[in-house]
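Peer 1: One file: work_2.txt (compact mmCIF, C-alpha atoms and all ligand atoms).
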# COMPACT_ATOMS: atom_id res chain seq x y z
CA MET L 1 -31.48 34.17 28.67
CA ARG L 2 -34.49 31.92 28.38
CA LEU L 3 -35.62 29.03 30.45
CA GLY L 4 -34.78 25.74 28.79
CA GLU L 5 -31.58 26.92 27.11
CA PRO L 6 -28.69 24.45 27.21
CA PRO L 7 -26.51 24.51 30.33
CA LYS L 8 -23.67 26.99 30.25
CA ILE L 9 -22.03 26.35 33.61
CA VAL L 10 -18.27 26.32 32.98
CA LYS L 11 -17.86 22.58 33.15
CA ASP L 12 -14.17 21.87 33.48
CA GLN L 13 -13.61 23.13 29.97
CA ILE L 14 -10.41 23.68 28.06
CA ASN L 15 -10.65 26.49 25.57
CA LEU L 16 -8.66 25.65 22.47
CA ARG L 17 -8.96 28.97 20.69
CA SER L 18 -5.31 29.99 21.13
CA PRO L 19 -2.19 28.48 22.72
CA ASP L 20 -2.16 31.14 25.46
CA VAL L 21 -5.80 30.65 26.29
CA CYS L 22 -5.25 26.91 26.13
CA ASN L 23 -2.29 27.03 28.52
CA ALA L 24 -4.15 29.29 30.94
CA SER L 25 -7.16 27.00 30.84
CA ILE L 26 -5.07 23.90 31.39
CA SER L 27 -3.25 25.44 34.37
CA MET L 28 -6.60 26.57 35.85
CA LYS L 29 -8.00 23.09 35.29
CA LEU L 30 -4.99 21.53 37.04
CA LEU L 31 -5.30 23.99 39.91
CA HIS L 32 -8.98 23.20 40.32
CA GLU L 33 -8.23 19.48 40.25
CA LYS L 34 -5.47 19.85 42.83
CA PHE L 35 -7.78 21.53 45.33
CA MET L 36 -10.69 19.24 44.49
CA LEU L 37 -8.45 16.30 45.40
CA ALA L 38 -8.07 17.91 48.84
CA ALA L 39 -11.86 18.20 49.10
CA LEU L 40 -12.13 14.53 48.08
CA SER L 41 -9.70 13.66 50.84
CA ALA L 42 -12.02 15.38 53.34
CA ALA L 43 -14.95 13.46 51.79
CA ARG L 44 -13.09 10.18 52.44
CA GLN L 45 -12.73 11.16 56.10
CA ALA L 46 -16.50 11.66 56.20
CA SER L 47 -17.04 8.23 54.68
CA ALA L 48 -14.71 6.60 57.21
CA ALA L 49 -16.72 8.26 59.98
CA GLY L 50 -20.00 6.91 58.58
CA GLU L 51 -21.07 10.29 57.25
CA VAL L 52 -22.25 10.97 53.69
CA PRO L 53 -18.94 11.59 51.86
CA ILE L 54 -18.97 15.27 51.02
CA GLY L 55 -15.83 17.30 51.60
CA ALA L 56 -14.89 20.94 51.17
CA VAL L 57 -11.84 23.17 51.34
CA ILE L 58 -11.42 26.92 51.13
CA VAL L 59 -8.46 28.34 49.26
CA CYS L 60 -7.09 31.84 49.71
CA GLY L 61 -4.26 32.79 47.36
CA ASP L 62 -2.84 29.36 46.65
CA GLU L 63 -3.19 28.06 50.18
CA ILE L 64 -5.84 25.84 51.75
CA ILE L 65 -6.98 27.74 54.85
CA ALA L 66 -9.85 25.47 55.91
CA SER L 67 -11.05 21.92 55.36
CA ALA L 68 -14.20 20.18 56.53
CA PHE L 69 -16.63 17.37 55.91
CA ASN L 70 -20.25 17.00 56.86
CA THR L 71 -20.98 15.68 60.34
CA CYS L 72 -24.78 15.59 60.34
CA GLU L 73 -24.88 12.10 61.88
CA ALA L 74 -22.28 12.64 64.62
CA ASP L 75 -23.61 16.07 65.56
CA HIS L 76 -27.30 15.20 65.09
CA ASP L 77 -27.36 18.40 63.11
CA ALA L 78 -29.07 18.75 59.73
CA LEU L 79 -27.12 21.97 59.21
CA ALA L 80 -23.65 20.43 59.67
CA HIS L 81 -22.90 20.42 55.95
CA ALA L 82 -19.28 20.56 54.78
CA GLU L 83 -19.73 24.00 53.19
CA LEU L 84 -21.13 25.68 56.31
CA LYS L 85 -18.41 24.17 58.46
CA VAL L 86 -15.60 25.15 56.12
CA ILE L 87 -16.94 28.71 55.82
CA ARG L 88 -16.90 29.06 59.62
CA GLU L 89 -13.40 27.64 59.84
CA ALA L 90 -12.05 29.94 57.10
CA ALA L 91 -13.63 33.01 58.71
CA ARG L 92 -12.04 32.13 62.04
CA PHE L 93 -8.69 31.63 60.31
CA LYS L 94 -8.89 35.01 58.56
CA GLY L 95 -10.46 36.84 61.48
CA ASN L 96 -12.98 38.13 58.97
CA TRP L 97 -16.36 36.75 57.89
CA ARG L 98 -16.01 38.25 54.41
CA LEU L 99 -14.40 35.70 52.09
CA ASN L 100 -14.39 37.67 48.82
CA ASP L 101 -10.84 36.61 48.00
CA CYS L 102 -11.52 32.94 48.65
CA THR L 103 -12.57 29.96 46.55
CA LEU L 104 -14.67 27.20 48.07
CA TYR L 105 -14.17 23.73 46.62
CA VAL L 106 -16.79 21.11 47.41
CA THR L 107 -17.24 17.62 46.03
CA LEU L 108 -21.01 17.93 45.44
CA GLU L 109 -23.05 20.80 44.04
CA PRO L 110 -24.28 22.78 47.08
CA CYS L 111 -27.80 22.58 48.41
CA PRO L 112 -29.86 25.79 48.62
CA MET L 113 -28.92 26.35 52.28
CA CYS L 114 -25.20 26.22 51.53
CA LEU L 115 -25.55 28.29 48.38
CA GLY L 116 -27.20 30.97 50.53
CA ALA L 117 -24.32 30.73 53.02
CA LEU L 118 -21.81 31.26 50.22
CA PHE L 119 -23.50 34.58 49.50
CA GLN L 120 -23.73 35.53 53.17
CA ALA L 121 -19.99 34.93 53.51
CA ARG L 122 -19.28 36.79 50.23
CA VAL L 123 -17.29 33.85 48.89
CA GLY L 124 -15.69 34.90 45.60
CA LYS L 125 -15.78 31.63 43.70
CA LEU L 126 -17.42 28.22 44.03
CA VAL L 127 -15.91 25.14 42.38
CA PHE L 128 -17.86 21.93 42.76
CA GLY L 129 -17.35 18.32 41.69
CA CYS L 130 -20.42 16.36 40.70
CA PHE L 131 -23.83 17.77 39.93
CA ALA L 132 -26.89 17.26 42.10
CA PRO L 133 -29.69 17.61 39.57
CA GLN L 134 -32.32 16.88 42.22
CA ASN L 135 -31.56 19.98 44.26
CA VAL L 136 -32.63 23.51 43.54
CA GLY L 137 -29.29 25.13 44.40
CA THR L 138 -26.91 25.97 41.61
CA SER L 139 -28.84 23.59 39.33
CA ALA L 140 -31.03 26.57 38.58
CA LEU L 141 -28.06 27.97 36.67
CA ARG L 142 -28.38 25.28 34.07
CA HIS L 143 -31.77 26.68 33.22
CA ILE L 144 -30.89 30.35 33.21
CA GLY L 145 -27.59 29.80 31.38
CA THR L 146 -24.83 31.54 33.33
CA SER L 147 -21.67 30.70 35.26
CA SER L 148 -22.22 33.21 38.02
CA LEU L 149 -24.99 34.32 40.35
CA THR L 150 -25.54 37.78 41.79
CA ASP L 151 -27.48 38.43 44.95
CA ASN L 152 -27.50 41.46 47.20
CA ASN L 153 -24.71 43.06 45.13
CA HIS L 154 -22.40 40.08 45.52
CA THR L 155 -21.42 38.01 42.48
CA LEU L 156 -20.41 34.41 42.97
CA SER L 157 -18.43 32.78 40.13
CA ILE L 158 -19.24 29.13 39.67
CA VAL L 159 -17.38 26.24 38.04
CA GLY L 160 -18.98 22.80 38.10
CA GLY L 161 -17.88 19.32 37.07
CA VAL L 162 -14.28 19.33 38.35
CA LEU L 163 -13.26 15.67 38.92
CA GLU L 164 -16.96 14.96 38.48
CA LYS L 165 -16.50 11.19 38.06
CA GLU L 166 -14.37 10.78 41.22
CA CYS L 167 -16.71 12.96 43.29
CA SER L 168 -19.74 11.05 42.07
CA GLU L 169 -18.23 7.59 42.56
CA ILE L 170 -17.38 8.11 46.21
CA LEU L 171 -21.04 8.98 46.87
CA LYS L 172 -22.38 6.07 44.81
CA LEU L 173 -20.07 3.62 46.61
CA PHE L 174 -21.10 4.95 50.02
CA PHE L 175 -24.81 4.53 49.32
CA LYS L 176 -24.30 1.11 47.70
CA LEU L 177 -22.43 -0.16 50.78
CA ARG L 178 -25.12 1.27 53.01
CA ARG L 179 -27.87 -0.44 51.00
CA ASP L 180 -25.94 -3.74 50.98
CA ALA L 181 -25.61 -3.57 54.76
CA LEU L 182 -29.38 -3.45 55.24
ZN ZN C 1 -25.64 22.04 52.02
As structure tokens - that is how I would like this structure written.
Ligand SMILES: [Zn+2]
Peer 2:
Amino acid sequence: MRLGEPPKIVKDQINLRSPDVCNASISMKLLHEKFMLAALSAARQASAAGEVPIGAVIVCGDEIIASAFNTCEADHDALAHAELKVIREAARFKGNWRLNDCTLYVTLEPCPMCLGALFQARVGKLVFGCFAPQNVGTSALRHIGTSSLTDNNHTLSIVGGVLEKECSEILKLFFKLRRDAL
């Protein structure tokens, strides 16, 4: 893979090669959208609390075991991102810090700190909503052309762009209202 190649992150794609593949892709797409809606619901709670609207859930099997939104303002804590909080909550729920069999859904592409935490917690899969081209987290993938990252013998599968428009609009609206209030 060379720098500058086109992005190859699995971006909410439906593969139309065969009916079986198509059906499997559609059901996976619907599943991702279902859980992303739950993450969006957490993001709305953040917005209502005056926090930047980013929400996350962790799914194990087909069950949501943790949900969180960022509380940087309320906690005066730059580290209180939705992903870190939801990872802690899921680990407490499971009684195990290793989350290999879990998928983390978050409305915005993770920052480098949270991407590192996903590896520390051995999260199996990351599904995110809208892209954050300004950060150096998973955005790096778009330059190296892959849909997974491996670090310290752990591979994290990544799907980006699920309900991208909805996840992006809630952020845009929040910042517009904040600007208008100034
Ligand atoms: Zn973060």
Peer 1: With all atoms listed in the file as the counted atoms, please give the residues lying no more than 12 Å from Thr71 of chain L, apart from itself and same-chain residues fewer than 4 positions off, as a ChimeraX atom specification.
Peer 2: /L:42-43,45-55,75-86
Peer 1: Please, which residues have at least one atom within 6 Å of an atom of ligand ZN 1 (chain C), using all atoms listed in the file, listed as a list of chain:residue names?
Peer 2: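 Listing the residues within 6 Å of ligand ZN 1 (chain C) gives L:His81, L:Pro110, L:Cys111, L:Met113, L:Cys114.
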Peer 1: For a cutoff of 12 Å around the file-coordinate point (-6.7, 15.8, 38.3), which residues qualify once you count all atoms listed in the file? I'd like the result as JSON, numbers by chain.
Peer 2: {"L": [12, 26, 27, 28, 29, 30, 31, 32, 33, 34, 35, 36, 37, 38, 40, 129, 161, 162, 163, 164, 165, 166, 167]}
Peer 1: Near Asn100 of chain L, counting all atoms listed in the file, which residues have an atom at most 12 Å away, once you skip same-chain residues fewer than 6 positions from it, shown as a list in words?
Peer 2: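 Listing them by chain and then by number gives Ile58, Val59, Cys60, Gly61, Ile87, Ala90, Ala91, Lys94, Leu118, Phe119, Gln120, Ala121, Arg122, Val123, Gly124, Lys125, Leu126, His154, Thr155, Leu156 and Ser157 of chain L.
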Peer 1: Up to 6 Å from (-23.6, 16.7, 42.7) in the file's coordinates: name the residues, counting all atoms listed in the file, as an MDAnalysis selection string.
Peer 2: chainID L and resid 108:109 130:132
Peer 1: Rounded to one decimal place, report the atom CA of Val127 of chain L-atom CA of Gly160 of chain L distance in Å.
Peer 2: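 For atom CA of Val127 of chain L relative to atom CA of Gly160 of chain L, the distance reads 5.8 Å.
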Peer 1: Mind pulling up the distance from atom CA of Ala66 of chain L to atom CA of Arg92 of chain L?
Peer 2: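 According to the coordinates, atom CA of Arg92 of chain L and atom CA of Ala66 of chain L are separated by 9.3 Å.
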Peer 1: Between atom CA of Tyr105 of chain L and atom CA of Ala68 of chain L, measure the distance and give it in Å to one decimal.
Peer 2: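 For atom CA of Tyr105 of chain L relative to atom CA of Ala68 of chain L, the distance reads 10.5 Å.
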Peer 1: Of the residues L:Pro112, L:Ser147, L:Ile65, L:Thr107, which is the one nearest to Leu171 of chain L, using all atoms listed in the file?
Peer 2: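 The answer is L:Thr107, which sits nearest to Leu171 of chain L.
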Peer 1: Check the smallest atom-to-atom distance from each of L:Thr150, L:Ser168, L:Ser25, L:Asn70 to Leu115 of chain L using only C-alpha atoms, then report the winner.
Peer 2: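 Among L:Thr150, L:Ser168, L:Ser25, L:Asn70, it is L:Thr150 that comes nearest to Leu115 of chain L.
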Peer 1: Given the block above, output segment 84-147 of chain L with C-alpha atoms as a PDB file, in the first residue's frame.
Peer 2:
ATOM      1  CA  LEU L  84     -13.220   6.234  27.010  1.00  0.00           C
ATOM      2  CA  LYS L  85     -16.319   6.380  29.178  1.00  0.00           C
ATOM      3  CA  VAL L  86     -18.139   3.651  27.284  1.00  0.00           C
ATOM      4  CA  ILE L  87     -15.059   1.386  27.375  1.00  0.00           C
ATOM      5  CA  ARG L  88     -14.892   1.743  31.168  1.00  0.00           C
ATOM      6  CA  GLU L  89     -18.603   1.064  31.525  1.00  0.00           C
ATOM      7  CA  ALA L  90     -18.474  -2.034  29.294  1.00  0.00           C
ATOM      8  CA  ALA L  91     -15.466  -3.433  31.162  1.00  0.00           C
ATOM      9  CA  ARG L  92     -17.265  -2.987  34.474  1.00  0.00           C
ATOM     10  CA  PHE L  93     -20.350  -4.691  33.026  1.00  0.00           C
ATOM     11  CA  LYS L  94     -18.332  -7.668  31.766  1.00  0.00           C
ATOM     12  CA  GLY L  95     -16.008  -7.823  34.757  1.00  0.00           C
ATOM     13  CA  ASN L  96     -13.199  -7.963  32.216  1.00  0.00           C
ATOM     14  CA  TRP L  97     -11.136  -5.187  30.629  1.00  0.00           C
ATOM     15  CA  ARG L  98     -10.618  -7.215  27.451  1.00  0.00           C
ATOM     16  CA  LEU L  99     -13.369  -6.389  24.953  1.00  0.00           C
ATOM     17  CA  ASN L 100     -12.305  -8.591  22.025  1.00  0.00           C
ATOM     18  CA  ASP L 101     -15.860  -9.777  21.407  1.00  0.00           C
ATOM     19  CA  CYS L 102     -17.300  -6.267  21.454  1.00  0.00           C
ATOM     20  CA  THR L 103     -18.066  -3.613  18.849  1.00  0.00           C
ATOM     21  CA  LEU L 104     -17.811   0.056  19.751  1.00  0.00           C
ATOM     22  CA  TYR L 105     -20.143   2.397  17.865  1.00  0.00           C
ATOM     23  CA  VAL L 106     -19.380   6.102  18.009  1.00  0.00           C
ATOM     24  CA  THR L 107     -20.925   8.975  16.106  1.00  0.00           C
ATOM     25  CA  LEU L 108     -17.607  10.656  15.194  1.00  0.00           C
ATOM     26  CA  GLU L 109     -14.332   9.146  14.034  1.00  0.00           C
ATOM     27  CA  PRO L 110     -12.208   8.709  17.194  1.00  0.00           C
ATOM     28  CA  CYS L 111      -9.366  11.008  18.130  1.00  0.00           C
ATOM     29  CA  PRO L 112      -5.879   9.505  18.589  1.00  0.00           C
ATOM     30  CA  MET L 113      -6.354   9.176  22.374  1.00  0.00           C
ATOM     31  CA  CYS L 114      -9.541   7.145  21.977  1.00  0.00           C
ATOM     32  CA  LEU L 115      -8.123   5.079  19.138  1.00  0.00           C
ATOM     33  CA  GLY L 116      -5.269   4.139  21.483  1.00  0.00           C
ATOM     34  CA  ALA L 117      -7.790   3.213  24.180  1.00  0.00           C
ATOM     35  CA  LEU L 118      -9.613   0.936  21.748  1.00  0.00           C
ATOM     36  CA  PHE L 119      -6.385  -1.013  21.347  1.00  0.00           C
ATOM     37  CA  GLN L 120      -5.654  -1.036  25.076  1.00  0.00           C
ATOM     38  CA  ALA L 121      -9.110  -2.497  25.690  1.00  0.00           C
ATOM     39  CA  ARG L 122      -8.698  -4.987  22.799  1.00  0.00           C
ATOM     40  CA  VAL L 123     -11.975  -3.868  21.250  1.00  0.00           C
ATOM     41  CA  GLY L 124     -12.752  -6.164  18.317  1.00  0.00           C
ATOM     42  CA  LYS L 125     -14.472  -3.752  15.972  1.00  0.00           C
ATOM     43  CA  LEU L 126     -14.971  -0.010  15.645  1.00  0.00           C
ATOM     44  CA  VAL L 127     -17.927   1.426  13.728  1.00  0.00           C
ATOM     45  CA  PHE L 128     -18.060   5.193  13.449  1.00  0.00           C
ATOM     46  CA  GLY L 129     -20.461   7.704  11.919  1.00  0.00           C
ATOM     47  CA  CYS L 130     -18.973  10.804  10.365  1.00  0.00           C
ATOM     48  CA  PHE L 131     -15.353  11.350   9.471  1.00  0.00           C
ATOM     49  CA  ALA L 132     -13.069  13.796  11.237  1.00  0.00           C
ATOM     50  CA  PRO L 133     -10.544  14.578   8.517  1.00  0.00           C
ATOM     51  CA  GLN L 134      -8.737  17.055  10.761  1.00  0.00           C
ATOM     52  CA  ASN L 135      -7.663  14.452  13.297  1.00  0.00           C
ATOM     53  CA  VAL L 136      -4.835  11.992  12.993  1.00  0.00           C
ATOM     54  CA  GLY L 137      -6.733   9.009  14.403  1.00  0.00           C
ATOM     55  CA  THR L 138      -8.275   6.550  12.002  1.00  0.00           C
ATOM     56  CA  SER L 139      -7.972   9.150   9.230  1.00  0.00           C
ATOM     57  CA  ALA L 140      -4.514   7.745   8.700  1.00  0.00           C
ATOM     58  CA  LEU L 141      -6.236   4.660   7.311  1.00  0.00           C
ATOM     59  CA  ARG L 142      -7.451   6.596   4.335  1.00  0.00           C
ATOM     60  CA  HIS L 143      -3.852   7.117   3.372  1.00  0.00           C
ATOM     61  CA  ILE L 144      -2.576   3.622   3.969  1.00  0.00           C
ATOM     62  CA  GLY L 145      -5.640   1.969   2.416  1.00  0.00           C
ATOM     63  CA  THR L 146      -6.986  -0.605   4.857  1.00  0.00           C
ATOM     64  CA  SER L 147     -10.086  -1.281   6.945  1.00  0.00           C
TER      65      SER L 147
END
